[in-house]
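Engineer: Enclosed is the structure file work.txt (compact mmCIF, C-alpha atoms).
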```txt
# COMPACT_ATOMS: atom_id res chain seq x y z
CA MET A 3 -8.36 -13.47 -22.14
CA PHE A 4 -8.33 -12.56 -18.45
CA GLU A 5 -6.00 -14.48 -16.13
CA LEU A 6 -5.61 -14.05 -12.40
CA ALA A 7 -3.31 -16.55 -10.70
CA ILE A 8 -2.31 -16.44 -7.05
CA LYS A 9 0.36 -18.92 -5.94
CA GLY A 10 2.73 -19.51 -3.06
CA TRP A 11 0.31 -18.54 -0.31
CA SER A 12 1.81 -17.81 3.12
CA LEU A 13 0.73 -16.31 6.43
CA ASP A 14 2.89 -13.60 7.95
CA LYS A 15 2.24 -14.49 11.60
CA ASP A 16 3.57 -11.18 12.94
CA LEU A 17 1.51 -8.97 10.61
CA GLN A 18 -1.43 -11.41 10.38
CA ILE A 19 -1.72 -11.01 6.62
CA ILE A 20 -1.80 -13.49 3.76
CA GLN A 21 0.86 -12.97 1.11
CA ALA A 22 1.25 -14.64 -2.28
CA ASP A 23 2.65 -14.27 -5.77
CA VAL A 24 0.07 -12.49 -7.93
CA HIS A 25 -0.13 -12.66 -11.70
CA MET A 26 -2.86 -10.67 -13.47
CA SER A 27 -3.03 -10.22 -17.20
CA VAL A 28 -5.57 -9.40 -19.87
CA GLU A 29 -4.76 -10.36 -23.46
CA ASP A 30 -1.16 -9.18 -24.01
CA SER A 31 -1.17 -6.73 -21.11
CA LEU A 32 0.62 -7.79 -17.93
CA ILE A 33 -1.03 -5.87 -15.11
CA ILE A 34 0.55 -7.47 -12.01
CA GLU A 35 3.46 -9.85 -11.55
CA GLU A 36 4.82 -9.70 -8.01
CA PRO A 37 4.44 -10.87 -4.40
CA LEU A 38 1.70 -8.96 -2.59
CA CYS A 39 -0.66 -9.02 0.37
CA ILE A 40 -3.88 -10.56 -0.90
CA ASP A 41 -6.28 -10.77 2.02
CA VAL A 42 -6.78 -7.04 2.68
CA GLY A 43 -8.38 -6.56 -0.73
CA LEU A 44 -9.86 -10.03 -1.27
CA PRO A 45 -13.37 -9.10 -0.10
CA ALA A 46 -13.37 -6.09 -2.47
CA LEU A 47 -12.08 -8.25 -5.32
CA LEU A 48 -14.86 -10.82 -4.81
CA HIS A 49 -17.44 -8.06 -4.40
CA SER A 50 -16.40 -6.67 -7.80
CA ALA A 51 -17.64 -9.84 -9.50
CA LEU A 52 -21.17 -8.95 -8.36
CA HIS A 53 -21.21 -5.14 -8.13
CA ASP A 54 -19.58 -2.06 -9.60
CA THR A 55 -16.65 -0.95 -7.46
CA ALA A 56 -14.49 2.13 -6.99
CA PRO A 57 -11.47 2.08 -4.68
CA ASN A 58 -10.47 4.26 -1.76
CA ARG A 59 -7.28 3.00 -0.19
CA PHE A 60 -7.71 5.51 2.63
CA ALA A 61 -11.10 4.12 3.71
CA PRO A 62 -11.37 2.46 7.13
CA ALA A 63 -11.21 -1.36 7.32
CA ASP A 64 -14.97 -1.74 7.76
CA GLN A 65 -15.43 -0.24 4.28
CA TRP A 66 -13.80 -3.38 2.88
CA GLU A 67 -15.54 -3.09 -0.50
CA ARG A 68 -13.44 0.02 -1.23
CA MET A 69 -9.98 -1.48 -0.61
CA PRO A 70 -7.45 -1.94 -3.42
CA PHE A 71 -7.62 -5.55 -4.64
CA PHE A 72 -3.94 -6.15 -3.89
CA VAL A 73 -1.66 -4.19 -1.59
CA CYS A 74 2.00 -3.97 -0.64
CA GLY A 75 3.50 -7.00 1.07
CA CYS A 76 3.31 -5.12 4.38
CA GLY A 77 -0.50 -5.26 4.23
CA ASP A 78 -1.05 -1.50 4.52
CA PRO A 79 -3.33 -0.24 1.71
CA GLU A 80 -1.99 3.29 2.18
CA CYS A 81 1.55 2.09 1.42
CA ARG A 82 1.13 0.77 -2.11
CA GLY A 83 -1.68 -0.99 -3.84
CA PHE A 84 -3.20 -2.08 -7.10
CA SER A 85 -6.55 -0.35 -7.35
CA PHE A 86 -9.26 -1.09 -9.88
CA VAL A 87 -12.62 0.28 -10.91
CA VAL A 88 -15.05 -2.38 -12.09
CA ARG A 89 -18.16 -1.56 -14.09
CA HIS A 90 -20.66 -4.22 -15.07
CA LEU A 91 -21.71 -3.80 -18.70
CA PRO A 92 -24.66 -5.12 -20.67
CA GLY A 93 -24.04 -8.35 -22.51
CA GLU A 94 -22.39 -10.33 -19.69
CA GLN A 95 -19.19 -8.33 -19.68
CA LEU A 96 -17.40 -6.09 -17.25
CA GLU A 97 -14.91 -3.29 -17.60
CA LEU A 98 -11.79 -3.57 -15.45
CA SER A 99 -9.84 -0.33 -15.15
CA SER A 100 -6.49 -0.13 -13.43
CA VAL A 101 -6.34 3.22 -11.61
CA GLU A 102 -3.89 5.38 -9.72
CA GLU A 103 -5.54 6.80 -6.62
CA ARG A 104 -4.98 10.31 -5.36
CA THR A 105 -5.22 11.51 -1.76
CA ASN A 106 -8.21 13.75 -2.58
CA GLY A 107 -10.38 10.69 -3.38
CA SER A 108 -10.10 10.94 -7.15
CA TYR A 109 -8.19 8.60 -9.41
CA ARG A 110 -6.55 8.48 -12.82
CA GLU A 111 -7.38 5.59 -15.13
CA LEU A 112 -4.27 3.83 -16.42
CA GLU A 113 -5.68 1.10 -18.64
CA THR A 114 -9.07 -0.48 -19.22
CA HIS A 115 -10.09 -3.93 -20.42
CA VAL A 116 -13.45 -5.53 -21.21
CA ILE A 117 -13.71 -9.09 -19.85
CA PRO A 118 -16.42 -11.77 -20.09
CA ILE A 119 -18.06 -11.71 -16.67
CA ARG A 120 -18.30 -15.49 -16.38
CA VAL A 121 -14.52 -15.90 -16.87
CA TYR A 122 -13.91 -13.24 -14.21
CA ARG A 123 -16.35 -14.82 -11.74
CA GLU A 124 -15.01 -18.35 -12.21
CA GLN A 125 -11.44 -17.29 -11.47
CA LEU A 126 -12.47 -15.22 -8.45
CA VAL A 127 -14.56 -18.06 -6.96
CA ASP A 128 -11.53 -20.34 -7.26
CA ILE A 129 -9.35 -17.77 -5.48
CA GLY A 130 -11.95 -17.29 -2.73
CA GLU A 131 -12.27 -21.05 -2.19
CA THR A 132 -8.48 -21.42 -2.08
CA TYR A 133 -8.26 -18.66 0.52
CA LEU A 134 -10.91 -20.32 2.71
CA ARG A 135 -9.11 -23.67 2.56
CA PHE A 136 -5.78 -21.97 3.28
CA VAL A 137 -6.94 -20.11 6.42
CA ALA A 138 -9.18 -22.90 7.77
CA ASP A 139 -6.59 -24.33 10.17
CA LEU A 140 -4.49 -21.23 10.81
CA ASP A 141 -4.28 -19.04 13.88
CA TYR A 142 -5.26 -16.07 11.72
CA ARG A 143 -6.51 -12.76 13.11
CA PRO A 144 -6.80 -10.22 10.27
CA TYR A 145 -7.11 -6.50 10.97
CA PHE A 146 -10.65 -6.54 9.54
CA GLN A 147 -12.01 -9.21 11.89
CA ASP A 148 -14.86 -10.25 9.56
CA THR A 149 -12.62 -10.98 6.57
CA VAL A 150 -13.24 -14.74 6.60
CA ARG A 151 -16.99 -14.38 7.12
CA VAL A 152 -17.29 -11.79 4.33
CA VAL A 153 -15.24 -13.95 1.95
CA GLU A 154 -17.42 -16.99 2.79
CA GLU A 155 -20.59 -15.02 2.04
CA LEU A 156 -19.25 -13.61 -1.23
CA VAL A 157 -18.00 -17.00 -2.41
CA LYS A 158 -21.46 -18.48 -1.75
CA GLN A 159 -23.11 -15.63 -3.68
CA LEU A 160 -20.74 -16.11 -6.60
CA GLN A 161 -21.27 -19.88 -6.63
CA LEU A 162 -25.04 -19.36 -6.77
CA THR A 163 -24.67 -16.74 -9.49
CA LEU A 164 -22.51 -19.05 -11.61
CA ARG A 165 -24.97 -21.93 -11.21
CA SER A 166 -27.89 -19.76 -12.31
CA GLU A 167 -26.11 -18.38 -15.40
```
Show this structure as structure tokens.

Structural biologist:
Amino acid sequence: MFELAIKGWSLDKDLQIIQADVHMSVEDSLIIEEPLCIDVGLPALLHSALHDTAPNRFAPADQWERMPFFVCGCGDPECRGFSFVVRHLPGEQLELSSVEERTNGSYRELETHVIPIRVYREQLVDIGETYLRFVADLDYRPYFQDTVRVVEELVKQLQLTLRSE
């Protein structure tokens, strides 16, 4: 079973990033268990519930769909990140591959899991909604200025998708 839990949300006012404790596991495999920056890659994470994705941590901020899903607590995707390739499969499943990116644009797959797409989407919608509630009353100015708008749009798309399934 896939589990993605994000707890202990906080805003680093100086860096203007959202940090939290991230736990990601699939079956008996612990993929992430540490504090990370979550807002840099949140649009890409939500996007992955609707589309195939491939990361490029060296992409500019306006190519948000290519960011690693979670990055170092400093918020810089070039520093350290958790990158994933997501492929949507027939039969309402998706393939989530943890990858190690290389500077030449290629990557090495580390481990791959097949997950029921509905489980994935439900957890990501919850995370997106939590993010929107968290930032609603903050003086928050992320590096990618459209982060909140993009997250709002993706959450709405995911909500509609879940209702129609």

Engineer: Can you tell me which residues surround Glu102 (chain A) at a distance of at most 10 Å, considering all atoms listed in the file, apart from same-chain residues fewer than 5 positions away, and format the answer as an MDAnalysis selection string?

Structural biologist: chainID A and resid 57 83:86 108:112

Engineer: Give the answer as one residue: which of A:Ala63, A:Ile34, A:Cys76, A:Leu164 has the shortest atom-to-atom distance to Phe146 (chain A), using only C-alpha atoms?

Structural biologist: A:Ala63

Engineer: With all atoms listed in the file as the counted atoms, please give the residues lying no more than 8 Å from Leu47 (chain A), apart from itself and same-chain residues fewer than 3 positions off, as a list of chain:residue names.

Structural biologist: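 So, after excluding close chain neighbours, the residues are A:Gly43, A:Leu44, A:Ser50, A:Ala51, A:Glu67, A:Phe71, A:Leu126.
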
Engineer: Of the candidates A:Leu13, A:Val24, A:Cys74, A:Met3, which one gets nearest to Asp139 (chain A) if we count only C-alpha atoms?

Structural biologist: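 For Asp139 (chain A), the nearest of the candidates is A:Leu13.
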
Engineer: Using all atoms listed in the file, can you tell me which of A:Arg143, A:Lys15, A:Arg120, A:Arg59 comes closest to Gln161 (chain A)?

Structural biologist: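 For Gln161 (chain A), the nearest of the candidates is A:Arg120.
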
Engineer: Go through A:Gly107, A:Pro37, A:Val28, A:Gln125 one by one, measure the shortest atom-to-atom distance of each to Asn58 (chain A) using only C-alpha atoms, and give the residue with the smallest value.

Structural biologist: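 Under the stated criterion, the closest residue is A:Gly107.
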
Engineer: Leaving out region 154-158 of chain A and any residue of its chain fewer than 4 positions from it, which residues lie within 9 Å of it when counting all atoms listed in the file, given as a PyMOL selection string?

Structural biologist: chain A and resi 45+48-49+52+126-128+130-131+134+149-150+162-163

Engineer: Suppose you want the space between CA of His90 (chain A) and CA of Glu167 (chain A); what is it in Å?

Structural biologist: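 Distance reported for this atom pair: 15.2 Å.
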
Engineer: Check the smallest atom-to-atom distance from each of A:Ala61, A:Ala56, A:Val152, A:Leu32 to Glu97 (chain A) using all atoms listed in the file, then report the winner.

Structural biologist: A:Ala56

Engineer: Using all atoms listed in the file, which of A:Gln65, A:Thr55, A:Thr132, A:Thr114 sits nearest Trp11 (chain A)?

Structural biologist: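 Under the stated criterion, the closest residue is A:Thr132.
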
Engineer: Take region 33-59 of chain A, model N, CA, C and O atoms, and hand the result over as a compact mmCIF listing (two decimals), keeping the file's coordinate frame.

Structural biologist:
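Now in selection.txt:
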```
# COMPACT_ATOMS: atom_id res chain seq x y z
N ILE A 33 -0.60 -6.91 -16.05
CA ILE A 33 -1.03 -5.87 -15.11
C ILE A 33 -0.29 -5.99 -13.77
O ILE A 33 0.15 -5.00 -13.21
N ILE A 34 -0.16 -7.22 -13.27
CA ILE A 34 0.55 -7.47 -12.01
C ILE A 34 1.38 -8.74 -12.15
O ILE A 34 0.91 -9.74 -12.67
N GLU A 35 2.59 -8.68 -11.62
CA GLU A 35 3.46 -9.85 -11.55
C GLU A 35 4.43 -9.64 -10.41
O GLU A 35 5.57 -9.20 -10.61
N GLU A 36 3.95 -9.89 -9.17
CA GLU A 36 4.82 -9.70 -8.01
C GLU A 36 4.18 -10.25 -6.74
O GLU A 36 2.97 -10.47 -6.69
N PRO A 37 4.98 -10.44 -5.69
CA PRO A 37 4.44 -10.87 -4.40
C PRO A 37 3.72 -9.71 -3.73
O PRO A 37 4.22 -8.58 -3.70
N LEU A 38 2.53 -10.00 -3.20
CA LEU A 38 1.70 -8.96 -2.59
C LEU A 38 0.90 -9.52 -1.42
O LEU A 38 0.78 -10.74 -1.27
N CYS A 39 0.32 -8.64 -0.64
CA CYS A 39 -0.66 -9.02 0.37
C CYS A 39 -1.99 -9.18 -0.36
O CYS A 39 -2.42 -8.29 -1.08
N ILE A 40 -2.64 -10.32 -0.16
CA ILE A 40 -3.88 -10.56 -0.90
C ILE A 40 -5.15 -10.53 -0.07
O ILE A 40 -6.24 -10.37 -0.61
N ASP A 41 -5.05 -10.66 1.25
CA ASP A 41 -6.28 -10.77 2.02
C ASP A 41 -6.94 -9.43 2.35
O ASP A 41 -8.16 -9.37 2.50
N VAL A 42 -6.19 -8.35 2.40
CA VAL A 42 -6.78 -7.04 2.68
C VAL A 42 -7.82 -6.68 1.62
O VAL A 42 -8.91 -6.21 1.92
N GLY A 43 -7.49 -6.93 0.37
CA GLY A 43 -8.38 -6.56 -0.73
C GLY A 43 -9.24 -7.68 -1.27
O GLY A 43 -10.05 -7.46 -2.18
N LEU A 44 -9.10 -8.89 -0.74
CA LEU A 44 -9.86 -10.03 -1.27
C LEU A 44 -11.37 -9.82 -1.20
O LEU A 44 -12.07 -10.10 -2.18
N PRO A 45 -11.92 -9.34 -0.09
CA PRO A 45 -13.37 -9.10 -0.10
C PRO A 45 -13.80 -8.12 -1.21
O PRO A 45 -14.80 -8.35 -1.89
N ALA A 46 -13.04 -7.06 -1.41
CA ALA A 46 -13.37 -6.09 -2.47
C ALA A 46 -13.26 -6.73 -3.85
O ALA A 46 -14.10 -6.48 -4.72
N LEU A 47 -12.25 -7.56 -4.05
CA LEU A 47 -12.08 -8.25 -5.32
C LEU A 47 -13.29 -9.14 -5.61
O LEU A 47 -13.87 -9.10 -6.69
N LEU A 48 -13.70 -9.95 -4.63
CA LEU A 48 -14.86 -10.82 -4.81
C LEU A 48 -16.13 -10.02 -5.03
O LEU A 48 -16.96 -10.36 -5.87
N HIS A 49 -16.28 -8.95 -4.28
CA HIS A 49 -17.44 -8.06 -4.40
C HIS A 49 -17.55 -7.50 -5.82
O HIS A 49 -18.65 -7.34 -6.35
N SER A 50 -16.41 -7.25 -6.45
CA SER A 50 -16.40 -6.67 -7.80
C SER A 50 -16.99 -7.60 -8.85
O SER A 50 -17.38 -7.15 -9.92
N ALA A 51 -17.05 -8.89 -8.55
CA ALA A 51 -17.64 -9.84 -9.50
C ALA A 51 -19.16 -9.76 -9.49
O ALA A 51 -19.82 -10.28 -10.39
N LEU A 52 -19.71 -9.07 -8.50
CA LEU A 52 -21.17 -8.95 -8.36
C LEU A 52 -21.67 -7.52 -8.49
O LEU A 52 -22.83 -7.29 -8.83
N HIS A 53 -20.80 -6.55 -8.19
CA HIS A 53 -21.21 -5.14 -8.13
C HIS A 53 -20.14 -4.25 -8.74
O HIS A 53 -18.96 -4.59 -8.73
N ASP A 54 -20.54 -3.07 -9.19
CA ASP A 54 -19.58 -2.06 -9.60
C ASP A 54 -18.77 -1.65 -8.37
O ASP A 54 -19.30 -1.60 -7.25
N THR A 55 -17.50 -1.35 -8.57
CA THR A 55 -16.65 -0.95 -7.46
C THR A 55 -15.79 0.24 -7.85
O THR A 55 -15.46 0.43 -9.01
N ALA A 56 -15.45 1.03 -6.85
CA ALA A 56 -14.49 2.13 -6.99
C ALA A 56 -13.64 2.13 -5.73
O ALA A 56 -14.18 2.04 -4.62
N PRO A 57 -12.34 2.22 -5.85
CA PRO A 57 -11.47 2.08 -4.68
C PRO A 57 -11.31 3.37 -3.87
O PRO A 57 -11.53 4.46 -4.36
N ASN A 58 -10.92 3.17 -2.62
CA ASN A 58 -10.47 4.26 -1.76
C ASN A 58 -9.53 3.65 -0.74
O ASN A 58 -9.95 3.17 0.30
N ARG A 59 -8.26 3.65 -1.05
CA ARG A 59 -7.28 3.00 -0.19
C ARG A 59 -7.18 3.64 1.19
O ARG A 59 -6.57 3.09 2.10
```
